[in-house]
file query_25.cif (mmCIF, C-alpha atoms)
data_input
#
loop_
_atom_site.label_atom_id
_atom_site.label_comp_id
_atom_site.auth_asym_id
_atom_site.auth_seq_id
_atom_site.Cartn_x
_atom_site.Cartn_y
_atom_site.Cartn_z
CA MET A 987 -24.08 -3.67 1.02
CA SER A 988 -21.18 -1.94 -0.76
CA ASN A 989 -21.29 -1.36 -4.53
CA GLN A 990 -17.50 -1.18 -4.66
CA PRO A 991 -16.30 -3.58 -7.38
CA THR A 992 -14.14 -6.51 -6.32
CA TYR A 993 -10.89 -7.06 -8.17
CA PRO A 994 -8.38 -9.93 -8.04
CA LEU A 995 -5.94 -9.97 -5.14
CA MET A 996 -3.04 -9.46 -7.58
CA PRO A 997 -4.60 -7.59 -10.52
CA HIS A 998 -1.46 -7.06 -12.64
CA ALA A 999 -0.27 -10.65 -12.27
CA THR A 1000 -3.79 -11.92 -13.02
CA ALA A 1001 -4.06 -9.71 -16.10
CA SER A 1002 -0.70 -10.99 -17.32
CA TRP A 1003 -1.90 -14.60 -17.03
CA LEU A 1004 -5.18 -13.85 -18.82
CA VAL A 1005 -3.33 -12.11 -21.66
CA ASP A 1006 -1.01 -15.10 -22.14
CA ASN A 1007 -3.50 -17.92 -21.65
CA THR A 1008 -6.90 -16.79 -22.92
CA ALA A 1009 -8.53 -15.14 -25.93
CA LEU A 1010 -10.33 -12.56 -23.80
CA THR A 1011 -10.31 -9.01 -25.13
CA PHE A 1012 -8.14 -6.36 -23.54
CA GLU A 1013 -11.33 -4.56 -22.47
CA GLN A 1014 -12.62 -7.64 -20.63
CA ILE A 1015 -9.30 -8.22 -18.87
CA ALA A 1016 -8.90 -4.56 -17.94
CA GLU A 1017 -12.41 -4.34 -16.51
CA PHE A 1018 -12.11 -7.57 -14.52
CA CYS A 1019 -8.72 -6.60 -13.06
CA GLY A 1020 -9.52 -2.93 -12.47
CA LEU A 1021 -6.74 -1.74 -14.79
CA HIS A 1022 -6.50 0.75 -17.64
CA ILE A 1023 -6.87 -0.91 -21.03
CA LEU A 1024 -3.51 0.54 -22.09
CA GLU A 1025 -1.84 -1.29 -19.19
CA VAL A 1026 -3.20 -4.56 -20.55
CA GLN A 1027 -2.19 -3.60 -24.09
CA ALA A 1028 1.35 -2.85 -22.86
CA MET A 1029 1.54 -6.28 -21.20
CA ALA A 1030 0.47 -7.96 -24.42
CA ASP A 1031 3.04 -6.02 -26.45
CA ASP A 1032 5.75 -6.58 -23.83
CA LEU A 1033 6.05 -2.81 -23.34
CA ALA A 1034 5.09 -2.66 -19.67
CA GLY A 1035 7.66 -1.07 -17.40
CA ALA A 1036 7.40 -3.96 -14.91
CA LYS A 1037 7.35 -7.65 -15.74
CA TYR A 1038 4.76 -9.67 -13.85
CA THR A 1039 4.70 -13.39 -13.19
CA GLY A 1040 1.27 -14.59 -14.24
CA ARG A 1041 -1.17 -15.64 -11.52
CA ASN A 1042 -3.81 -18.18 -12.48
CA PRO A 1043 -7.22 -16.91 -11.23
CA ILE A 1044 -8.70 -20.38 -11.70
CA HIS A 1045 -6.37 -21.82 -9.06
CA SER A 1046 -7.28 -19.02 -6.66
CA GLY A 1047 -10.99 -19.54 -7.29
CA GLU A 1048 -11.51 -16.00 -8.54
CA LEU A 1049 -12.53 -17.28 -11.99
CA SER A 1050 -13.73 -20.59 -13.39
CA GLN A 1051 -12.89 -22.03 -16.79
CA ALA A 1052 -16.59 -21.86 -17.65
CA GLU A 1053 -16.63 -18.13 -16.88
CA ILE A 1054 -13.56 -17.59 -19.05
CA ASP A 1055 -15.20 -19.60 -21.86
CA ARG A 1056 -18.29 -17.39 -21.68
CA GLY A 1057 -16.08 -14.33 -22.03
CA GLN A 1058 -14.16 -15.79 -24.96
CA ASP A 1059 -17.43 -16.65 -26.77
CA ASN A 1060 -18.87 -13.17 -26.29
CA ALA A 1061 -16.58 -10.14 -26.45
CA SER A 1062 -19.19 -7.96 -24.74
CA TYR A 1063 -19.56 -10.33 -21.78
CA ARG A 1064 -18.35 -8.92 -18.46
CA LEU A 1065 -16.46 -11.45 -16.38
CA LYS A 1066 -17.86 -12.04 -12.90
CA MET A 1067 -15.71 -12.69 -9.85
CA GLN A 1068 -16.46 -16.24 -8.68
CA ARG A 1069 -15.04 -15.80 -5.20
CA ALA A 1070 -13.79 -12.61 -3.59
CA PRO A 1071 -10.06 -12.72 -2.80
CA LEU A 1072 -9.26 -13.44 0.81
CA ALA A 1073 -7.50 -10.63 2.61
CA VAL A 1074 -4.19 -11.70 4.11
CA SER A 1075 -3.80 -10.79 7.75
CA ARG A 1076 -0.77 -11.03 9.99
CA THR A 1077 -1.12 -11.75 13.68
CA LYS A 1078 2.50 -12.49 14.57
CA GLY A 1079 5.91 -11.24 13.61
CA PRO A 1080 7.10 -7.73 12.80
CA ARG A 1081 4.76 -5.21 11.24
CA TYR A 1082 4.93 -5.04 7.44
CA THR A 1083 5.64 -1.56 6.12
CA PRO A 1084 5.18 -0.67 2.42
CA VAL A 1085 8.43 0.06 0.58
CA SER A 1086 7.36 3.67 0.03
CA LYS A 1087 7.10 4.17 3.80
CA ARG A 1088 10.28 2.43 4.96
CA GLN A 1089 12.43 5.51 4.49
CA ASP A 1090 10.19 7.28 7.04
CA LYS A 1091 10.82 4.74 9.81
CA PRO A 1092 13.91 6.48 11.30
CA ASP A 1093 11.96 9.76 11.58
CA GLY A 1094 9.12 7.99 13.40
CA ILE A 1095 11.53 6.19 15.73
CA ALA A 1096 13.34 9.44 16.56
CA TRP A 1097 10.01 11.10 17.38
CA ILE A 1098 9.02 8.35 19.81
CA LEU A 1099 12.44 8.38 21.48
CA ARG A 1100 12.18 12.14 21.97
CA HIS A 1101 8.57 12.42 23.12
CA HIS A 1102 7.98 9.07 24.80
CA PRO A 1103 11.21 7.75 26.31
CA GLU A 1104 9.13 5.54 28.59
CA ILE A 1105 8.30 3.27 25.63
CA SER A 1106 10.66 0.28 25.45
CA ASP A 1107 12.71 -0.65 22.40
CA ALA A 1108 10.74 -3.86 22.03
CA GLN A 1109 7.47 -1.90 21.93
CA ILE A 1110 8.86 0.57 19.38
CA GLY A 1111 10.11 -2.29 17.24
CA LYS A 1112 6.69 -3.95 17.20
CA LEU A 1113 4.83 -0.68 16.52
CA ILE A 1114 7.06 0.60 13.72
CA GLY A 1115 8.33 -2.74 12.40
CA THR A 1116 12.04 -2.26 13.02
CA THR A 1117 14.95 -3.79 14.93
CA ARG A 1118 16.49 -2.93 18.30
CA THR A 1119 19.80 -2.33 16.55
CA THR A 1120 18.27 0.43 14.44
CA ILE A 1121 16.56 1.97 17.46
CA ALA A 1122 19.81 1.94 19.46
CA ALA A 1123 21.71 3.52 16.55
CA ILE A 1124 19.21 6.36 16.35
CA ARG A 1125 19.25 6.84 20.11
CA ASP A 1126 23.04 7.12 20.36
CA ARG A 1127 23.24 8.97 17.01
CA SER A 1128 25.46 6.37 15.37
CA HIS A 1129 22.94 5.66 12.59
CA TRP A 1130 24.52 5.95 9.14
CA ASN A 1131 21.95 8.58 8.06
CA ILE A 1132 21.60 10.41 11.37
CA GLY A 1133 22.19 13.81 9.74
CA ASN A 1134 19.01 13.46 7.67
CA ILE A 1135 16.74 12.07 10.39
CA ASN A 1136 14.04 14.51 11.50
CA PRO A 1137 11.70 13.38 14.30
CA LYS A 1138 8.16 13.15 12.94
CA ASP A 1139 4.97 11.73 14.41
CA PRO A 1140 4.71 8.11 13.16
CA VAL A 1141 0.93 8.52 12.85
CA THR A 1142 1.22 11.39 10.37
CA LEU A 1143 3.85 9.36 8.51
CA GLY A 1144 1.38 6.49 8.17
CA LEU A 1145 3.56 4.02 10.09
CA CYS A 1146 0.89 3.25 12.71
CA SER A 1147 -2.59 4.33 13.72
CA GLN A 1148 -3.39 6.90 16.37
CA ARG A 1149 -5.17 4.25 18.41
CA GLU A 1150 -2.13 1.97 18.37
CA LEU A 1151 0.17 4.78 19.47
CA ASP A 1152 -2.19 5.95 22.23
CA MET A 1153 -2.57 2.43 23.59
CA LEU A 1154 1.19 1.97 23.63
CA VAL A 1155 1.78 5.32 25.35
CA SER A 1156 -0.86 4.50 27.96
CA LYS A 1157 0.60 1.05 28.63
CA ALA A 1158 4.15 2.42 28.89
CA ALA A 1159 3.01 5.26 31.15
CA LYS A 1160 1.36 2.85 33.57
CA ARG A 1161 4.45 0.69 33.61
CA ALA A 1162 6.61 3.76 34.30
CA GLY A 1163 4.30 4.85 37.13
CA VAL A 1164 2.94 8.03 35.51
CA PRO A 1165 -0.16 9.19 37.49
CA GLU A 1166 -3.47 8.66 35.67
CA GLU A 1167 -4.34 12.37 35.98
CA GLU A 1168 -1.17 13.37 34.15
CA GLU A 1169 -1.70 10.66 31.56
CA GLY A 1170 -5.21 11.97 30.89
CA VAL A 1171 -3.96 15.52 30.42
CA VAL A 1172 -1.35 14.32 27.92
CA ASN A 1173 -3.89 12.36 25.92
CA GLU A 1174 -6.31 15.29 25.89
CA ARG A 1175 -3.58 17.68 24.75
CA LEU A 1176 -2.58 15.39 21.91
CA GLY A 1177 -6.15 14.69 20.83
CA SER A 1178 -7.92 17.31 18.78
CA ASP A 1179 -4.99 19.09 17.14
CA ARG A 1180 -3.32 15.85 16.15
CA GLU A 1181 -6.51 14.39 14.70
CA ALA A 1182 -7.01 17.49 12.56
CA LEU A 1183 -3.43 17.31 11.33
CA ILE A 1184 -3.73 13.60 10.59
CA GLU A 1185 -6.88 14.13 8.53
CA GLU A 1186 -5.22 16.94 6.60
CA LEU A 1187 -2.12 14.87 5.86
CA ARG A 1188 -4.19 11.82 4.95
CA ALA A 1189 -6.18 13.85 2.43
CA GLU A 1190 -2.95 15.27 1.03
CA ARG A 1191 -1.42 11.79 0.66
CA GLN A 1192 -4.53 10.49 -1.09
CA ALA A 1193 -4.49 13.42 -3.50
CA GLN A 1194 -0.81 12.87 -4.22
CA ALA A 1195 -1.32 9.13 -4.77
CA LYS A 1196 -4.18 9.79 -7.17
CA ALA A 1197 -2.16 12.37 -9.10
CA SER A 1198 0.83 10.02 -9.29
CA SER A 1199 -1.35 7.16 -10.53
CA GLU A 1200 -2.94 9.33 -13.21
CA ALA A 1201 0.46 10.65 -14.29
CA ALA A 1202 1.87 7.11 -14.50
CA GLN A 1203 -1.06 5.93 -16.61
CA GLN A 1204 -0.72 8.92 -18.90
CA ALA A 1205 3.02 8.36 -19.28
CA GLU A 1206 2.51 4.68 -20.03
CA ALA A 1207 -0.18 5.54 -22.59
CA MET A 1208 2.11 8.04 -24.29
CA ALA A 1209 4.96 5.51 -24.35
CA TRP A 1210 2.65 2.95 -25.94
CA LEU A 1211 1.46 5.44 -28.56
CA GLU A 1212 5.03 6.50 -29.34
CA ALA A 1213 6.02 2.85 -29.77
CA ARG A 1214 3.10 2.35 -32.12
CA ARG A 1215 4.03 5.41 -34.14
CA ALA A 1216 7.64 4.19 -34.35
CA GLU A 1217 6.46 0.81 -35.61
CA GLY A 1218 4.32 2.55 -38.24
CA ILE A 1219 7.27 4.60 -39.43
CA SER A 1220 9.57 1.57 -39.60
CA ASP A 1221 6.97 -0.44 -41.50
CA SER A 1222 6.63 2.28 -44.09
#
call {"tool": "encode", "arguments": {"input": "query_25.cif", "output": "structure tokens"}}
result
Amino acid sequence: MSNQPTYPLMPHATASWLVDNTALTFEQIAEFCGLHILEVQAMADDLAGAKYTGRNPIHSGELSQAEIDRGQDNASYRLKMQRAPLAVSRTKGPRYTPVSKRQDKPDGIAWILRHHPEISDAQIGKLIGTTRTTIAAIRDRSHWNIGNINPKDPVTLGLCSQRELDMLVSKAAKRAGVPEEEEGVVNERLGSDREALIEELRAERQAQAKASSEAAQQAEAMAWLEARRAEGISDS
């Protein structure tokens, strides 16, 4: 069984609601939501960079009023998740791509068009989460940003998994009549080197994300401290 703590499905929105509607301490809210205490403090002081619409954890079943009351009566009490948040899964419709990855879509599409022309536009659209219009514009080089599009493996860009791409290539190859022997050689050639590169890039992305998160927290903490100092000066 995993010892990984469980946090609310929408931690910032939940923290915002708890700040506005309970007498819980900032430490209790921060620990329950998996946030830095200064993030909660910034929400309370209306200094947070982003404004969040509060999300009631009682309605979602993640907390009960009785659990909140226990926390309000005892500042050292650690709130317990009443019901783990349900992961939202999509089985139909276009693939959702995080905002930070959407700018990479044209590069991934261009790579597929160059290396796997046997894959149909409909298949590319479902894999990458894009439209046929965008695919056609990249193919005929009429895309508005064509000068900055550089074909890159969509797996290394994080737009799809290696398994998804391999399955799609295999399916398209069979439809196009590519012999199984040739298909096997292609898959073997792409295997080991690509997996090593993917692992390297994944580790690099994780390191960058961690560094960015730490830098953002530090910047927010400094902004909060500066605001406090300014208030102290004005009060004097």
call {"tool": "residues_near_point", "arguments": {"input": "query_25.cif", "point": "(-11.3, -6.5, -18.9)", "cutoff": "10 Å", "atoms": "all atoms listed in the file", "output": "list in words"}}
result
Ala1001, Leu1004, Leu1010, Thr1011, Phe1012, Glu1013, Gln1014, Ile1015, Ala1016, Glu1017, Phe1018, Cys1019, Gly1020, Leu1021, His1022, Ile1023, Val1026, Gly1057, Ala1061, Ser1062, Tyr1063, Arg1064 and Leu1065 of chain A
call {"tool": "closest_residue", "arguments": {"input": "query_25.cif", "among": "A:Gln1058, A:Leu1113, A:Thr992, A:Ala1205", "to": "A:Gln1148", "atoms": "all atoms listed in the file"}}
result
A:Leu1113
call {"tool": "atom_distance", "arguments": {"input": "query_25.cif", "atom1": "atom CA of A:Ile1114", "atom2": "atom CA of A:Tyr1038"}}
result
29.5 Å
call {"tool": "resolve_selection", "arguments": {"input": "query_25.cif", "expression": "the PyMOL selection byres ((chain A and resi 1132-1147) around 6)", "output": "PyMOL selection string"}}
result
chain A and resi 1093-1094+1096-1097+1129-1131+1148-1150+1184
call {"tool": "write_last_selection", "arguments": {"input": "query_25.cif", "atoms": "C-alpha atoms", "output": "mmCIF file, in the coordinates of the input"}}
result
data_model
loop_
_atom_site.group_PDB
_atom_site.id
_atom_site.type_symbol
_atom_site.label_atom_id
_atom_site.label_comp_id
_atom_site.auth_asym_id
_atom_site.auth_seq_id
_atom_site.Cartn_x
_atom_site.Cartn_y
_atom_site.Cartn_z
ATOM 1 C CA ASP A 1093 11.960 9.760 11.580
ATOM 2 C CA GLY A 1094 9.120 7.990 13.400
ATOM 3 C CA ALA A 1096 13.340 9.440 16.560
ATOM 4 C CA TRP A 1097 10.010 11.100 17.380
ATOM 5 C CA HIS A 1129 22.940 5.660 12.590
ATOM 6 C CA TRP A 1130 24.520 5.950 9.140
ATOM 7 C CA ASN A 1131 21.950 8.580 8.060
ATOM 8 C CA GLN A 1148 -3.390 6.900 16.370
ATOM 9 C CA ARG A 1149 -5.170 4.250 18.410
ATOM 10 C CA GLU A 1150 -2.130 1.970 18.370
ATOM 11 C CA ILE A 1184 -3.730 13.600 10.590
#
call {"tool": "resolve_selection", "arguments": {"input": "query_25.cif", "expression": "the PyMOL selection byres ((chain A and resi 1043) around 12)", "output": "ChimeraX atom specification"}}
result
/A:993-1004,1007-1008,1015,1018-1019,1040-1042,1044-1051,1053-1054,1065-1071
call {"tool": "write_last_selection", "arguments": {"input": "query_25.cif", "atoms": "C-alpha atoms", "output": "tab-separated table (two decimals), in the coordinates of the input"}}
result
chain	number	residue	atom	x	y	z
A	993	TYR	CA	-10.89	-7.06	-8.17
A	994	PRO	CA	-8.38	-9.93	-8.04
A	995	LEU	CA	-5.94	-9.97	-5.14
A	996	MET	CA	-3.04	-9.46	-7.58
A	997	PRO	CA	-4.60	-7.59	-10.52
A	998	HIS	CA	-1.46	-7.06	-12.64
A	999	ALA	CA	-0.27	-10.65	-12.27
A	1000	THR	CA	-3.79	-11.92	-13.02
A	1001	ALA	CA	-4.06	-9.71	-16.10
A	1002	SER	CA	-0.70	-10.99	-17.32
A	1003	TRP	CA	-1.90	-14.60	-17.03
A	1004	LEU	CA	-5.18	-13.85	-18.82
A	1007	ASN	CA	-3.50	-17.92	-21.65
A	1008	THR	CA	-6.90	-16.79	-22.92
A	1015	ILE	CA	-9.30	-8.22	-18.87
A	1018	PHE	CA	-12.11	-7.57	-14.52
A	1019	CYS	CA	-8.72	-6.60	-13.06
A	1040	GLY	CA	1.27	-14.59	-14.24
A	1041	ARG	CA	-1.17	-15.64	-11.52
A	1042	ASN	CA	-3.81	-18.18	-12.48
A	1044	ILE	CA	-8.70	-20.38	-11.70
A	1045	HIS	CA	-6.37	-21.82	-9.06
A	1046	SER	CA	-7.28	-19.02	-6.66
A	1047	GLY	CA	-10.99	-19.54	-7.29
A	1048	GLU	CA	-11.51	-16.00	-8.54
A	1049	LEU	CA	-12.53	-17.28	-11.99
A	1050	SER	CA	-13.73	-20.59	-13.39
A	1051	GLN	CA	-12.89	-22.03	-16.79
A	1053	GLU	CA	-16.63	-18.13	-16.88
A	1054	ILE	CA	-13.56	-17.59	-19.05
A	1065	LEU	CA	-16.46	-11.45	-16.38
A	1066	LYS	CA	-17.86	-12.04	-12.90
A	1067	MET	CA	-15.71	-12.69	-9.85
A	1068	GLN	CA	-16.46	-16.24	-8.68
A	1069	ARG	CA	-15.04	-15.80	-5.20
A	1070	ALA	CA	-13.79	-12.61	-3.59
A	1071	PRO	CA	-10.06	-12.72	-2.80
call {"tool": "atom_distance", "arguments": {"input": "query_25.cif", "atom1": "atom CA of A:Gly1115", "atom2": "atom CA of A:Ile1095"}}
result
10.1 Å
call {"tool": "atom_distance", "arguments": {"input": "query_25.cif", "atom1": "atom CA of A:Arg1161", "atom2": "atom CA of A:Ser1106"}}
result
10.3 Å
call {"tool": "closest_residue", "arguments": {"input": "query_25.cif", "among": "A:Gly1111, A:Leu1099, A:Glu1200, A:Asp1090", "to": "A:Arg1127", "atoms": "all atoms listed in the file"}}
result
A:Leu1099
call {"tool": "decode", "arguments": {"input": "query_25.cif", "residues": "stretch 1053-1064 of chain A", "atoms": "all heavy atoms", "output": "tab-separated table (two decimals), in the first residue's frame"}}
result
chain	number	residue	atom	x	y	z
A	1053	GLU	N	-15.17	16.74	10.90
A	1053	GLU	CA	-13.71	16.74	10.81
A	1053	GLU	C	-13.18	18.18	10.88
A	1053	GLU	O	-12.17	18.45	11.53
A	1053	GLU	CB	-13.28	16.07	9.51
A	1053	GLU	CG	-11.76	15.92	9.34
A	1053	GLU	CD	-11.15	14.90	10.29
A	1053	GLU	OE1	-11.91	14.20	11.01
A	1053	GLU	OE2	-9.90	14.80	10.31
A	1054	ILE	N	-13.87	19.09	10.22
A	1054	ILE	CA	-13.48	20.50	10.28
A	1054	ILE	C	-13.61	21.02	11.71
A	1054	ILE	O	-12.74	21.75	12.21
A	1054	ILE	CB	-14.32	21.34	9.31
A	1054	ILE	CG1	-13.98	20.98	7.86
A	1054	ILE	CG2	-14.09	22.82	9.54
A	1054	ILE	CD1	-14.83	21.69	6.82
A	1055	ASP	N	-14.71	20.64	12.39
A	1055	ASP	CA	-14.91	21.08	13.78
A	1055	ASP	C	-13.79	20.58	14.68
A	1055	ASP	O	-13.32	21.31	15.56
A	1055	ASP	CB	-16.26	20.58	14.30
A	1055	ASP	CG	-17.43	21.26	13.61
A	1055	ASP	OD1	-17.22	22.34	13.03
A	1055	ASP	OD2	-18.54	20.70	13.64
A	1056	ARG	N	-13.35	19.33	14.47
A	1056	ARG	CA	-12.25	18.80	15.28
A	1056	ARG	C	-10.99	19.63	15.06
A	1056	ARG	O	-10.24	19.90	16.00
A	1056	ARG	CB	-12.00	17.34	14.93
A	1056	ARG	CG	-12.99	16.37	15.58
A	1056	ARG	CD	-12.55	14.92	15.42
A	1056	ARG	NE	-12.79	14.44	14.06
A	1056	ARG	CZ	-13.92	13.85	13.68
A	1056	ARG	NH1	-14.91	13.69	14.55
A	1056	ARG	NH2	-14.07	13.43	12.44
A	1057	GLY	N	-10.75	20.03	13.82
A	1057	GLY	CA	-9.58	20.84	13.52
A	1057	GLY	C	-9.67	22.23	14.13
A	1057	GLY	O	-8.68	22.78	14.61
A	1058	GLN	N	-10.87	22.81	14.11
A	1058	GLN	CA	-11.05	24.15	14.67
A	1058	GLN	C	-10.92	24.13	16.19
A	1058	GLN	O	-10.48	25.11	16.80
A	1058	GLN	CB	-12.41	24.71	14.26
A	1058	GLN	CG	-12.52	24.99	12.76
A	1058	GLN	CD	-13.88	25.51	12.34
A	1058	GLN	OE1	-13.99	26.39	11.52
A	1058	GLN	NE2	-14.94	24.94	12.92
A	1059	ASP	N	-11.27	23.02	16.83
A	1059	ASP	CA	-11.19	22.92	18.30
A	1059	ASP	C	-9.77	22.64	18.77
A	1059	ASP	O	-9.44	22.90	19.93
A	1059	ASP	CB	-12.11	21.80	18.80
A	1059	ASP	CG	-13.59	22.14	18.60
A	1059	ASP	OD1	-13.89	23.34	18.45
A	1059	ASP	OD2	-14.41	21.20	18.55
A	1060	ASN	N	-8.94	22.10	17.88
A	1060	ASN	CA	-7.58	21.73	18.26
A	1060	ASN	C	-6.63	22.12	17.15
A	1060	ASN	O	-6.59	21.48	16.10
A	1060	ASN	CB	-7.50	20.22	18.53
A	1060	ASN	CG	-6.12	19.78	18.96
A	1060	ASN	OD1	-5.19	20.59	19.10
A	1060	ASN	ND2	-5.95	18.47	19.18
A	1061	ALA	N	-5.84	23.17	17.37
A	1061	ALA	CA	-4.96	23.70	16.32
A	1061	ALA	C	-3.88	22.72	15.91
A	1061	ALA	O	-3.32	22.82	14.81
A	1061	ALA	CB	-4.31	25.00	16.80
A	1062	SER	N	-3.58	21.73	16.75
A	1062	SER	CA	-2.55	20.75	16.40
A	1062	SER	C	-3.13	19.52	15.70
A	1062	SER	O	-2.38	18.62	15.31
A	1062	SER	CB	-1.79	20.31	17.66
A	1062	SER	OG	-2.67	19.66	18.57
A	1063	TYR	N	-4.45	19.49	15.54
A	1063	TYR	CA	-5.10	18.34	14.90
A	1063	TYR	C	-4.82	18.35	13.40
A	1063	TYR	O	-4.87	19.40	12.74
A	1063	TYR	CB	-6.61	18.39	15.15
A	1063	TYR	CG	-7.36	17.23	14.55
A	1063	TYR	CD1	-7.36	15.98	15.15
A	1063	TYR	CD2	-8.08	17.39	13.36
A	1063	TYR	CE1	-8.05	14.92	14.60
A	1063	TYR	CE2	-8.78	16.34	12.81
A	1063	TYR	CZ	-8.76	15.10	13.42
A	1063	TYR	OH	-9.45	14.05	12.86
A	1064	ARG	N	-4.51	17.20	12.86
A	1064	ARG	CA	-4.24	17.07	11.42
A	1064	ARG	C	-5.49	16.53	10.74
A	1064	ARG	O	-5.94	15.42	11.03
A	1064	ARG	CB	-3.05	16.13	11.19
A	1064	ARG	CG	-1.77	16.61	11.86
A	1064	ARG	CD	-0.66	15.60	11.74
A	1064	ARG	NE	-0.28	15.36	10.35
A	1064	ARG	CZ	0.68	14.52	9.98
A	1064	ARG	NH1	1.34	13.82	10.89
A	1064	ARG	NH2	0.97	14.36	8.71
